[in-house]
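**Q** First the structure, which I've put down as structure tokens, then a few questions once you've had a look.
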Amino acid sequence: MKYLVVIPAYNEADKILSVIEDALGEVPDILVVNDGSTDSTGKIIEALPVKVVNQFRTGKGGALKAGFRYAIEGGYDWVITMDADGQHDVKDIQSFIRAAESNNVDMVVGSRMGDSVDMPIVRLVTNKFMSGIISSLAGCRLSDTQCGFRAIKCSLLCEVTLETNNYDTESELIIKAARKGFKINSTPVRTIYNGAASSINKFTDTIRFFKLVFRFLGNG
């Protein structure tokens with residue numbers, strides 16, 4: 001199997017060097033999608049042995065879609081997505097690889113719910129609420145649909161057309177893939193709460209989430 005780790009990055013100069021250096025110890029192929037960073041993120045990643053896509057600010061979903069296109073065109077079998085802010089443990093990459101190779105599965109979504117003691121209560125409640133809604137729309141039970149640490153088979157990505165460009169893209173992908181009959185499982189992951197501020201806009205991204213929900217409700 002040929003794996004590509006895709007890391008969307010926007011102004012992550014404080015964390016991205018250590019994230020990439022640690023990830024290179026787990027997998028050889030890493031793509032960083034520099035989504036219009038205005039800090040030194042671009043200079044840092046250009047000095048590292050990783051693949052780079054530079055683009056204007058499109059949002060996390062837009063960055064992920066650029067990474068998906070790169071993986072498909074490069075002949076990869078799987079994409080592993082992770083965040084650039086150091087809140088994902090790169091050692092869990094091996095859990096995704098084992099899940100991908102040992103199960104008849106098309107997508108593996110990380111679940112932080114088994115390691116939620118230190119999760120801020122507002123985030124915990126929000127994640128459970130959103131995961132319940134997305135699971136219902138997808139028709140498969142997933143405990144943490146908001147986790148961006150995932151493994152996705154490229155053959156799935158070839159069959160799913162994504163129309164969003166922000167944080168709602170990850171939910172859109174789950175719903176559309178499940179409705180097309182692709183098998184989705186979870187694997188436990190550890191989350192590191194390192195003080196990094198969330199880049200989610202509580203107002204704008206909440207509106208986008210519910211727009212997505214209502215669109216799929218309207219489509220049955």
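FYI, nothing fancy with the structure tokens labels: chains A, B, ... in order, residues from 1 per chain, ligands from 1 as they appear.
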List every residue of range 22-178 of chain A that DSSP, applied to the backbone, labels as alpha helix (DSSP H), and write the result as a ChimeraX atom specification.
**A** /A:22-23,41-46,60-73,93-102,121-138,154-159,168-178
**Q** Counting only C-alpha atoms, which residues of range 11-33 of chain A fall within 9 Å of range 89-105 of chain A, and what is the closest atom pair for each with its distance in Å at one decimal, ordered by chain and rising number, as CSV?
**A**
```
residue,atom,partner,partner_atom,distance
A:Val19,CA,A:Val90,CA,7.5
A:Ile20,CA,A:Val90,CA,9.0
A:Asp22,CA,A:Val90,CA,6.6
A:Ala23,CA,A:Val90,CA,5.5
A:Gly25,CA,A:Val90,CA,8.8
A:Glu26,CA,A:Ile93,CA,7.0
A:Val27,CA,A:Ile93,CA,8.2
```
**Q** Enumerate, as a PDB file with N, CA and C atoms, in the first residue's frame, the complete set of residues in range 6-43 of chain A that a backbone-based DSSP assignment places in strand (DSSP E or B).
**A**
```pdb
ATOM      1  N   VAL A   6      -1.370  13.929   4.428  1.00  0.00           N
ATOM      2  CA  VAL A   6      -1.706  15.281   3.972  1.00  0.00           C
ATOM      3  C   VAL A   6      -1.933  16.164   5.193  1.00  0.00           C
ATOM      4  N   ILE A   7      -1.195  17.265   5.254  1.00  0.00           N
ATOM      5  CA  ILE A   7      -1.290  18.199   6.376  1.00  0.00           C
ATOM      6  C   ILE A   7      -1.671  19.573   5.857  1.00  0.00           C
ATOM      7  N   PRO A   8      -2.924  20.011   6.043  1.00  0.00           N
ATOM      8  CA  PRO A   8      -3.285  21.384   5.694  1.00  0.00           C
ATOM      9  C   PRO A   8      -2.647  22.336   6.705  1.00  0.00           C
ATOM     10  N   ALA A   9      -2.121  23.451   6.233  1.00  0.00           N
ATOM     11  CA  ALA A   9      -1.437  24.367   7.148  1.00  0.00           C
ATOM     12  C   ALA A   9      -1.773  25.812   6.818  1.00  0.00           C
ATOM     13  N   ILE A  30       4.997  12.791   2.766  1.00  0.00           N
ATOM     14  CA  ILE A  30       4.180  13.804   3.434  1.00  0.00           C
ATOM     15  C   ILE A  30       3.965  14.968   2.482  1.00  0.00           C
ATOM     16  N   LEU A  31       2.724  15.415   2.399  1.00  0.00           N
ATOM     17  CA  LEU A  31       2.375  16.594   1.614  1.00  0.00           C
ATOM     18  C   LEU A  31       1.825  17.650   2.551  1.00  0.00           C
ATOM     19  N   VAL A  32       2.409  18.839   2.506  1.00  0.00           N
ATOM     20  CA  VAL A  32       1.875  19.975   3.255  1.00  0.00           C
ATOM     21  C   VAL A  32       1.198  20.907   2.267  1.00  0.00           C
ATOM     22  N   VAL A  33      -0.061  21.202   2.521  1.00  0.00           N
ATOM     23  CA  VAL A  33      -0.789  22.166   1.694  1.00  0.00           C
ATOM     24  C   VAL A  33      -0.764  23.491   2.441  1.00  0.00           C
ATOM     25  N   ASN A  34       0.094  24.394   1.979  1.00  0.00           N
ATOM     26  CA  ASN A  34       0.235  25.709   2.597  1.00  0.00           C
ATOM     27  C   ASN A  34      -0.878  26.598   2.054  1.00  0.00           C
ATOM     28  N   ASP A  35      -1.896  26.795   2.891  1.00  0.00           N
ATOM     29  CA  ASP A  35      -3.122  27.450   2.437  1.00  0.00           C
ATOM     30  C   ASP A  35      -3.071  28.967   2.661  1.00  0.00           C
TER      31      ASP A  35
END
```
**Q** Which value, in Å to one decimal, gives the distance between CA of Ile16 in chain A and CA of Gly59 in chain A?
**A** 17.5 Å
**Q** Show which residues sit within 10 Å of Val160 in chain A, as a list in words. Count only C-alpha atoms, and ignore same-chain residues fewer than 6 positions away.
**A**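 Surrounding residues, per the criterion: Glu172, Leu173, Ile174, Lys176, Ala177 and Lys180 of chain A.
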**Q** Of the candidates A:Asn219, A:Asn127, A:Ser37, A:Ser143, which one gets nearest to Ala63 in chain A if we count only C-alpha atoms?
**A**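 Answer, going by the shortest atom-to-atom distance: A:Ser37.
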